[in-house]
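Asker: Data file coords.cif (mmCIF, C-alpha atoms) is appended below.
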```cif
data_structure
loop_
_atom_site.group_PDB
_atom_site.id
_atom_site.type_symbol
_atom_site.label_atom_id
_atom_site.label_comp_id
_atom_site.auth_asym_id
_atom_site.auth_seq_id
_atom_site.Cartn_x
_atom_site.Cartn_y
_atom_site.Cartn_z
ATOM 1 C CA MET A 194 26.395 134.147 22.059
ATOM 2 C CA ASP A 195 28.191 137.172 20.751
ATOM 3 C CA ASN A 196 26.828 139.383 23.478
ATOM 4 C CA ARG A 197 27.706 136.819 26.138
ATOM 5 C CA THR A 198 31.224 136.414 24.760
ATOM 6 C CA ASN A 199 31.685 140.150 24.674
ATOM 7 C CA THR A 200 30.454 140.433 28.259
ATOM 8 C CA ILE A 201 32.867 137.769 29.486
ATOM 9 C CA ALA A 202 35.754 139.340 27.610
ATOM 10 C CA GLY A 203 34.862 142.709 29.085
ATOM 11 C CA TRP A 204 34.875 141.341 32.633
ATOM 12 C CA VAL A 205 38.204 139.609 32.015
ATOM 13 C CA LEU A 206 39.750 142.807 30.727
ATOM 14 C CA ALA A 207 38.302 144.756 33.640
ATOM 15 C CA GLY A 208 39.730 142.224 36.108
ATOM 16 C CA CYS A 209 43.161 142.391 34.494
ATOM 17 C CA GLY A 210 43.089 146.169 34.602
ATOM 18 C CA ALA A 211 42.080 146.140 38.258
ATOM 19 C CA ALA A 212 44.856 143.669 39.138
ATOM 20 C CA LEU A 213 47.418 145.771 37.292
ATOM 21 C CA GLY A 214 46.249 148.905 39.048
ATOM 22 C CA LEU A 215 46.377 147.261 42.464
ATOM 23 C CA SER A 216 49.882 145.955 41.723
ATOM 24 C CA ILE A 217 51.090 149.445 40.805
ATOM 25 C CA VAL A 218 49.495 151.042 43.882
ATOM 26 C CA GLY A 219 50.880 148.323 46.156
ATOM 27 C CA GLY A 220 54.361 148.784 44.732
ATOM 28 C CA MET A 221 54.192 152.520 45.406
ATOM 29 C CA MET A 222 52.982 152.029 48.969
ATOM 30 C CA PHE A 223 55.389 149.261 49.977
ATOM 31 C CA HIS A 224 58.402 150.179 47.883
ATOM 32 C CA GLY A 225 61.576 149.010 49.656
ATOM 33 C CA GLU A 226 65.020 150.531 49.307
ATOM 34 C CA ARG A 227 68.431 149.294 50.450
ATOM 35 C CA PRO A 228 69.114 150.821 53.882
ATOM 36 C CA GLU A 229 72.104 153.141 54.225
ATOM 37 C CA LYS A 230 73.471 150.956 57.031
ATOM 38 C CA MET A 231 72.966 147.217 56.943
ATOM 39 C CA GLY A 232 71.901 145.331 60.053
ATOM 40 C CA TYR A 233 70.566 146.814 63.269
ATOM 41 C CA ALA A 234 72.116 147.927 66.525
ATOM 42 C CA ILE A 235 71.953 145.671 69.584
ATOM 43 C CA GLU A 236 71.378 147.648 72.754
ATOM 44 C CA GLY A 237 74.311 147.531 75.164
ATOM 45 C CA VAL A 238 76.861 146.378 72.569
ATOM 46 C CA VAL A 239 79.496 148.784 71.249
ATOM 47 C CA ALA A 240 80.950 148.042 67.832
ATOM 48 C CA GLU A 241 84.637 147.185 67.976
ATOM 49 C CA GLY A 242 86.725 150.152 66.931
ATOM 50 C CA GLY A 243 83.620 152.348 66.634
ATOM 51 C CA GLU A 244 83.786 156.070 67.255
ATOM 52 C CA GLY A 245 81.515 155.710 70.253
ATOM 53 C CA ALA A 246 83.694 153.138 71.963
ATOM 54 C CA ALA A 247 84.684 154.091 75.470
ATOM 55 C CA ALA A 248 88.310 154.851 76.126
ATOM 56 C CA GLU A 249 90.174 151.923 77.721
ATOM 57 C CA VAL A 250 90.953 152.471 81.391
ATOM 58 C CA PRO A 251 94.493 151.439 82.422
ATOM 59 C CA ILE A 252 94.353 148.506 84.824
ATOM 60 C CA ALA A 253 96.901 150.276 87.039
ATOM 61 C CA SER A 254 94.344 152.982 87.773
ATOM 62 C CA LEU A 255 91.740 150.417 88.913
ATOM 63 C CA LEU A 256 93.875 148.105 91.049
ATOM 64 C CA PRO A 257 94.315 150.507 94.012
ATOM 65 C CA THR A 258 90.548 150.523 94.590
ATOM 66 C CA ALA A 259 89.960 146.875 93.617
ATOM 67 C CA ASP A 260 88.253 144.473 96.024
ATOM 68 C CA ALA A 261 89.800 141.002 96.365
ATOM 69 C CA ALA A 262 86.647 139.642 98.034
ATOM 70 C CA LYS A 263 84.613 140.618 94.989
ATOM 71 C CA GLY A 264 87.337 139.125 92.835
ATOM 72 C CA ALA A 265 86.896 135.808 94.650
ATOM 73 C CA GLU A 266 83.206 135.910 93.753
ATOM 74 C CA VAL A 267 83.963 136.574 90.100
ATOM 75 C CA PHE A 268 86.578 133.797 90.137
ATOM 76 C CA LYS A 269 83.777 131.297 90.784
ATOM 77 C CA LYS A 270 83.172 131.492 87.018
ATOM 78 C CA CYS A 271 86.680 130.086 86.567
ATOM 79 C CA ALA A 272 86.465 127.414 89.248
ATOM 80 C CA ALA A 273 84.867 124.906 86.874
ATOM 81 C CA CYS A 274 88.218 124.603 85.055
ATOM 82 C CA HIS A 275 90.847 125.957 87.484
ATOM 83 C CA THR A 276 91.974 125.350 91.036
ATOM 84 C CA ILE A 277 93.832 128.109 92.856
ATOM 85 C CA ASN A 278 95.009 126.531 96.094
ATOM 86 C CA GLN A 279 98.716 125.828 96.599
ATOM 87 C CA GLY A 280 99.555 122.391 95.210
ATOM 88 C CA GLY A 281 96.116 122.098 93.608
ATOM 89 C CA ALA A 282 95.671 119.700 90.722
ATOM 90 C CA ASN A 283 95.358 120.741 87.135
ATOM 91 C CA GLY A 284 91.968 120.262 85.588
ATOM 92 C CA VAL A 285 90.590 121.379 82.255
ATOM 93 C CA GLY A 286 92.826 124.387 82.883
ATOM 94 C CA PRO A 287 96.019 124.682 84.941
ATOM 95 C CA ASN A 288 96.217 125.395 88.658
ATOM 96 C CA LEU A 289 96.489 129.181 89.064
ATOM 97 C CA TYR A 290 98.349 129.473 92.376
ATOM 98 C CA ALA A 291 101.132 132.096 92.121
ATOM 99 C CA THR A 292 100.368 132.744 88.452
ATOM 100 C CA VAL A 293 100.846 136.528 88.537
ATOM 101 C CA GLY A 294 104.518 137.155 87.776
ATOM 102 C CA GLU A 295 105.069 133.633 86.449
ATOM 103 C CA GLU A 296 106.362 132.778 82.965
ATOM 104 C CA ILE A 297 103.473 132.497 80.507
ATOM 105 C CA ALA A 298 102.559 128.883 79.651
ATOM 106 C CA LYS A 299 105.417 127.378 81.671
ATOM 107 C CA GLY A 300 105.473 125.020 84.595
ATOM 108 C CA LYS A 301 102.172 124.087 86.227
ATOM 109 C CA ASN A 302 103.270 120.490 86.676
ATOM 110 C CA GLY A 303 103.492 119.746 82.987
ATOM 111 C CA PHE A 304 100.109 121.140 81.954
ATOM 112 C CA ALA A 305 99.743 120.962 78.153
ATOM 113 C CA PHE A 306 99.435 124.603 77.131
ATOM 114 C CA SER A 307 98.482 125.500 73.578
ATOM 115 C CA SER A 308 101.260 126.562 71.245
ATOM 116 C CA ALA A 309 99.357 129.836 70.705
ATOM 117 C CA LEU A 310 99.713 130.795 74.364
ATOM 118 C CA ALA A 311 103.212 129.379 74.711
ATOM 119 C CA GLY A 312 104.317 131.579 71.837
ATOM 120 C CA ILE A 313 103.387 134.801 73.620
ATOM 121 C CA GLY A 314 106.478 134.793 75.838
ATOM 122 C CA GLY A 315 107.232 136.980 78.829
ATOM 123 C CA LYS A 316 105.596 136.904 82.234
ATOM 124 C CA TRP A 317 102.083 137.340 83.484
ATOM 125 C CA ASP A 318 102.344 140.987 84.514
ATOM 126 C CA PHE A 319 99.252 143.018 85.364
ATOM 127 C CA ASP A 320 98.750 144.391 81.847
ATOM 128 C CA LYS A 321 99.057 140.978 80.181
ATOM 129 C CA MET A 322 96.727 139.449 82.727
ATOM 130 C CA ASN A 323 94.214 142.215 82.041
ATOM 131 C CA ALA A 324 94.448 141.669 78.265
ATOM 132 C CA TRP A 325 94.061 137.898 78.715
ATOM 133 C CA LEU A 326 90.995 138.241 80.919
ATOM 134 C CA THR A 327 89.458 140.774 78.518
ATOM 135 C CA SER A 328 89.575 138.341 75.584
ATOM 136 C CA PRO A 329 91.701 135.172 75.628
ATOM 137 C CA ARG A 330 91.141 134.633 71.886
ATOM 138 C CA LYS A 331 92.421 138.101 70.993
ATOM 139 C CA PHE A 332 95.386 137.853 73.375
ATOM 140 C CA ALA A 333 96.443 134.475 71.989
ATOM 141 C CA PRO A 334 94.635 133.596 68.739
ATOM 142 C CA GLY A 335 94.268 129.835 68.576
ATOM 143 C CA THR A 336 94.240 129.309 72.340
ATOM 144 C CA LYS A 337 92.382 126.316 73.765
ATOM 145 C CA MET A 338 90.757 128.617 76.333
ATOM 146 C CA THR A 339 87.020 128.703 75.607
ATOM 147 C CA PHE A 340 86.122 131.421 78.136
ATOM 148 C CA ALA A 341 84.876 134.531 76.283
ATOM 149 C CA GLY A 342 86.396 136.987 78.763
ATOM 150 C CA LEU A 343 85.284 139.591 81.302
ATOM 151 C CA GLY A 344 83.890 142.723 79.706
ATOM 152 C CA ASN A 345 83.751 144.728 82.938
ATOM 153 C CA ALA A 346 87.088 146.416 83.704
ATOM 154 C CA GLN A 347 86.407 146.606 87.435
ATOM 155 C CA ASP A 348 85.627 142.877 87.564
ATOM 156 C CA ARG A 349 88.978 142.210 85.901
ATOM 157 C CA ALA A 350 90.766 144.431 88.418
ATOM 158 C CA ASN A 351 89.080 142.592 91.297
ATOM 159 C CA VAL A 352 90.010 139.177 89.907
ATOM 160 C CA ILE A 353 93.613 140.195 89.209
ATOM 161 C CA LEU A 354 93.989 141.521 92.754
ATOM 162 C CA TYR A 355 92.558 138.251 94.091
ATOM 163 C CA LEU A 356 94.904 136.178 91.900
ATOM 164 C CA ASN A 357 97.865 138.255 93.030
ATOM 165 C CA GLN A 358 97.045 137.505 96.653
ATOM 166 C CA GLN A 359 97.093 133.758 95.946
ATOM 167 C CA GLY A 360 100.816 133.087 96.222
ATOM 168 C CA SER A 361 102.225 136.002 94.160
ATOM 169 C CA ASN A 362 101.820 139.138 96.288
ATOM 170 C CA LEU A 363 103.614 141.375 93.800
ATOM 171 C CA PRO A 364 103.562 145.133 94.435
ATOM 172 C CA LEU A 365 100.794 146.822 92.500
ATOM 173 C CA PRO A 366 101.830 149.048 89.596
ATOM 174 C CA ALA A 367 101.782 152.784 90.173
ATOM 175 C CA ALA A 368 98.562 154.412 89.066
ATOM 176 C CA PRO A 369 98.856 157.016 86.292
ATOM 177 C CA ALA A 370 99.402 160.476 87.745
ATOM 178 C CA ALA A 371 96.198 162.485 87.802
ATOM 179 C CA GLY A 372 96.358 165.781 85.950
ATOM 180 C CA ALA A 373 99.334 164.785 83.822
ATOM 181 C CA ALA A 374 97.672 166.034 80.646
ATOM 182 C CA PRO A 375 96.798 169.502 82.044
ATOM 183 C CA ALA A 376 100.354 169.869 83.360
ATOM 184 C CA ALA A 377 101.769 169.091 79.928
ATOM 185 C CA LYS A 378 99.405 171.612 78.402
ATOM 186 C CA ASP A 379 100.563 174.296 80.840
ATOM 187 C CA ALA A 380 104.190 173.509 80.064
ATOM 188 C CA ALA A 381 103.514 173.867 76.354
ATOM 189 C CA ALA A 382 101.881 177.237 76.967
ATOM 190 C CA LYS A 383 104.989 178.441 78.828
ATOM 191 C CA ASP A 384 107.135 177.544 75.821
ATOM 192 C CA GLN A 385 105.200 179.820 73.482
ATOM 193 C CA PRO A 386 107.071 182.901 72.152
ATOM 194 C CA ALA A 387 106.737 186.068 74.211
ATOM 195 C CA THR A 388 105.341 187.913 71.193
ATOM 196 C CA ALA A 389 102.402 185.534 71.014
ATOM 197 C CA ASN A 390 101.644 186.116 74.695
ATOM 198 C CA ALA A 391 101.917 189.877 74.224
ATOM 199 C CA ALA A 392 99.611 189.761 71.218
ATOM 200 C CA GLU A 393 97.071 187.738 73.160
ATOM 201 C CA ALA A 394 97.215 190.203 76.071
ATOM 202 C CA ALA A 395 96.711 193.118 73.720
ATOM 203 C CA ALA A 396 93.720 191.473 72.129
ATOM 204 C CA THR A 397 92.039 190.594 75.417
ATOM 205 C CA LYS A 398 92.899 193.548 77.648
ATOM 206 C CA GLY A 399 93.469 196.297 75.053
ATOM 207 C CA ALA A 400 96.891 197.781 74.451
ATOM 208 C CA PRO A 401 97.432 201.527 74.948
ATOM 209 C CA THR A 402 97.523 203.397 71.667
ATOM 210 C CA ALA A 403 100.351 205.775 70.741
ATOM 211 C CA ASP A 404 99.827 209.441 69.918
ATOM 212 C CA ILE A 405 98.480 209.754 66.399
ATOM 213 C CA ALA A 406 100.161 212.303 64.143
ATOM 214 C CA ASN A 407 99.083 213.287 60.668
ATOM 215 C CA THR A 408 102.220 212.639 58.668
ATOM 216 C CA GLY A 409 100.554 212.511 55.276
ATOM 217 C CA THR A 410 101.370 214.980 52.512
ATOM 218 C CA PRO A 411 98.412 217.218 51.494
ATOM 219 C CA ALA A 412 97.201 216.732 47.972
ATOM 220 C CA SER A 413 98.098 219.323 45.366
ATOM 221 C CA GLY A 414 95.811 222.370 45.688
ATOM 222 C CA ALA A 415 94.385 221.312 49.029
ATOM 223 C CA PRO A 416 94.347 223.960 51.798
ATOM 224 C CA SER A 417 96.979 223.357 54.453
ATOM 225 C CA VAL A 418 94.713 224.839 57.118
ATOM 226 C CA ASP A 419 91.020 224.387 57.585
ATOM 227 C CA PRO A 420 89.412 227.776 56.524
ATOM 228 C CA GLU A 421 86.714 227.529 59.182
ATOM 229 C CA ALA A 422 89.334 226.917 61.839
ATOM 230 C CA ALA A 423 91.292 229.947 60.600
ATOM 231 C CA ARG A 424 88.224 232.250 60.832
ATOM 232 C CA LYS A 425 87.477 231.042 64.359
ATOM 233 C CA GLY A 426 91.068 231.711 65.330
ATOM 234 C CA ALA A 427 90.941 235.250 63.881
ATOM 235 C CA ARG A 428 87.760 236.085 65.820
ATOM 236 C CA SER A 429 89.235 234.825 69.049
ATOM 237 C CA GLU A 430 92.311 237.052 68.588
ATOM 238 C CA LYS A 431 90.088 240.117 68.229
#
```
What does the file become when written as structure tokens?

Answerer:
Amino acid sequence: MDNRTNTIAGWVLAGCGAALGLSIVGGMMFHGERPEKMGYAIEGVVAEGGEGAAAEVPIASLLPTADAAKGAEVFKKCAACHTINQGGANGVGPNLYATVGEEIAKGKNGFAFSSALAGIGGKWDFDKMNAWLTSPRKFAPGTKMTFAGLGNAQDRANVILYLNQQGSNLPLPAAPAAGAAPAAKDAAAKDQPATANAAEAAATKGAPTADIANTGTPASGAPSVDPEAARKGARSEK
């Protein structure tokens, strides 16, 4: 019995040792650490305010090349809630005939606009219309508009041009002048001091050097004339 008990105890201890060893090895192999950046990136989505976010293109620069026919196609996404014909009835959303240039959240045959949109004030100019179509919730937090917005800037330009042609026909805003930044840079360069320009020219092209004269005072006890030069001069005189 003693031998059997000892054998069983030995196997139990051996099993515990093996389990402990496996646990330690497993922990070393599958050790997890907190990642430096939580979450994971979704392809095609740019984080709001991130460094890699593309610069916003002014809507005025896109409208001259916009296509109203393509805008009409994009507007089909809006047709479930809006009519756009003259005298059209309000639906889930207001009739949008002659909206561009109109007071924001006014008129439309008594349509019940949200207080969030009514509080914006002003008129539906091209920039406000672009901001609204980009994200209604950001333009007017608390709006009843459930549409998420149009992420493509060219789609927005096409839709805005189409809306403008439906009873508004306002002149398009002037596109930003191309090359304005380089022109400003050139003007700033012209305003630089002349000394800076001269220094730059000297550094790049090489300024002529003046004649170099030895104006230093010889040290005490130093020969004023090179002895070797004196001997050569004496031989030449002979």

Asker: Choose the residue, out of A:Ala202, A:Ala370, A:Ala211, A:Ile252, that has the smallest atom-to-atom separation from Asp348 in chain A; count only C-alpha atoms.

Answerer: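 Selected residue with least distance to Asp348 in chain A: A:Ile252.
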
Asker: Excluding Asp318 in chain A and its own-chain neighbours fewer than 5 positions away, which residues fall within 9 Å of it when counting all atoms listed in the file? Please give them as a PyMOL selection string.

Answerer: chain A and resi 293-295+323

Asker: For the residues selected in the previous step, produce a file with C-alpha atoms as a PDB file, keeping the file's coordinate frame.

Answerer:
```
ATOM      1  CA  VAL A 293     100.846 136.528  88.537  1.00  0.00           C
ATOM      2  CA  GLY A 294     104.518 137.155  87.776  1.00  0.00           C
ATOM      3  CA  GLU A 295     105.069 133.633  86.449  1.00  0.00           C
ATOM      4  CA  ASN A 323      94.214 142.215  82.041  1.00  0.00           C
TER       5      ASN A 323
END
```

Asker: Smallest atom-to-atom distance to Gln279 in chain A: which of A:Ala259, A:Pro364, A:Leu356, A:Thr200, using all atoms listed in the file?

Answerer: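 Ranking A:Ala259, A:Pro364, A:Leu356, A:Thr200 by distance to Gln279 in chain A, first place goes to A:Leu356.
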
Asker: I want to know what sits within 9 Å of Pro329 in chain A, based on only C-alpha atoms, with residues of the same chain fewer than 5 positions away left out; could you give that as a PyMOL selection string?

Answerer: chain A and resi 324+334+336+338-342

Asker: Tell me which protein, DNA and RNA residues are within 12 Å of Asp260 in chain A, counting all atoms listed in the file, leaving out same-chain ones fewer than 6 positions away, and put them as number ranges by chain.

Answerer: A: 266-267, 347-358

Asker: Write out, as an mmCIF file, in the coordinates of the input, the residues just selected, with C-alpha atoms.

Answerer:
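Result file follows (out-v8.cif):
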```
data_model
loop_
_atom_site.group_PDB
_atom_site.id
_atom_site.type_symbol
_atom_site.label_atom_id
_atom_site.label_comp_id
_atom_site.auth_asym_id
_atom_site.auth_seq_id
_atom_site.Cartn_x
_atom_site.Cartn_y
_atom_site.Cartn_z
ATOM 1 C CA GLU A 266 83.206 135.910 93.753
ATOM 2 C CA VAL A 267 83.963 136.574 90.100
ATOM 3 C CA GLN A 347 86.407 146.606 87.435
ATOM 4 C CA ASP A 348 85.627 142.877 87.564
ATOM 5 C CA ARG A 349 88.978 142.210 85.901
ATOM 6 C CA ALA A 350 90.766 144.431 88.418
ATOM 7 C CA ASN A 351 89.080 142.592 91.297
ATOM 8 C CA VAL A 352 90.010 139.177 89.907
ATOM 9 C CA ILE A 353 93.613 140.195 89.209
ATOM 10 C CA LEU A 354 93.989 141.521 92.754
ATOM 11 C CA TYR A 355 92.558 138.251 94.091
ATOM 12 C CA LEU A 356 94.904 136.178 91.900
ATOM 13 C CA ASN A 357 97.865 138.255 93.030
ATOM 14 C CA GLN A 358 97.045 137.505 96.653
#
```

Asker: Which is closer to Ile297 in chain A than all the others in A:Ser254, A:Ala368, A:Ala265, A:Trp317, using all atoms listed in the file?

Answerer: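 The shortest atom-to-atom distance to Ile297 in chain A comes from A:Trp317.
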
Asker: How many Å lie between CA of Ala282 in chain A and CA of Lys331 in chain A, rounded to one decimal?

Answerer: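 Rounded to one decimal, the two atoms are 27.2 Å apart.
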
Asker: Considering all atoms listed in the file, can you say which of A:Ala346, A:Leu213, A:Val285, A:Ala272 comes closest to Asp320 in chain A?

Answerer: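 With all atoms listed in the file as the atom set, the closest residue is A:Ala346.
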
Asker: Between CA of Leu255 in chain A and CA of Ile313 in chain A, what distance in Å does the model show, to one decimal?

Answerer: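 Spanning CA of Leu255 in chain A to CA of Ile313 in chain A is a straight-line distance of 24.8 Å.
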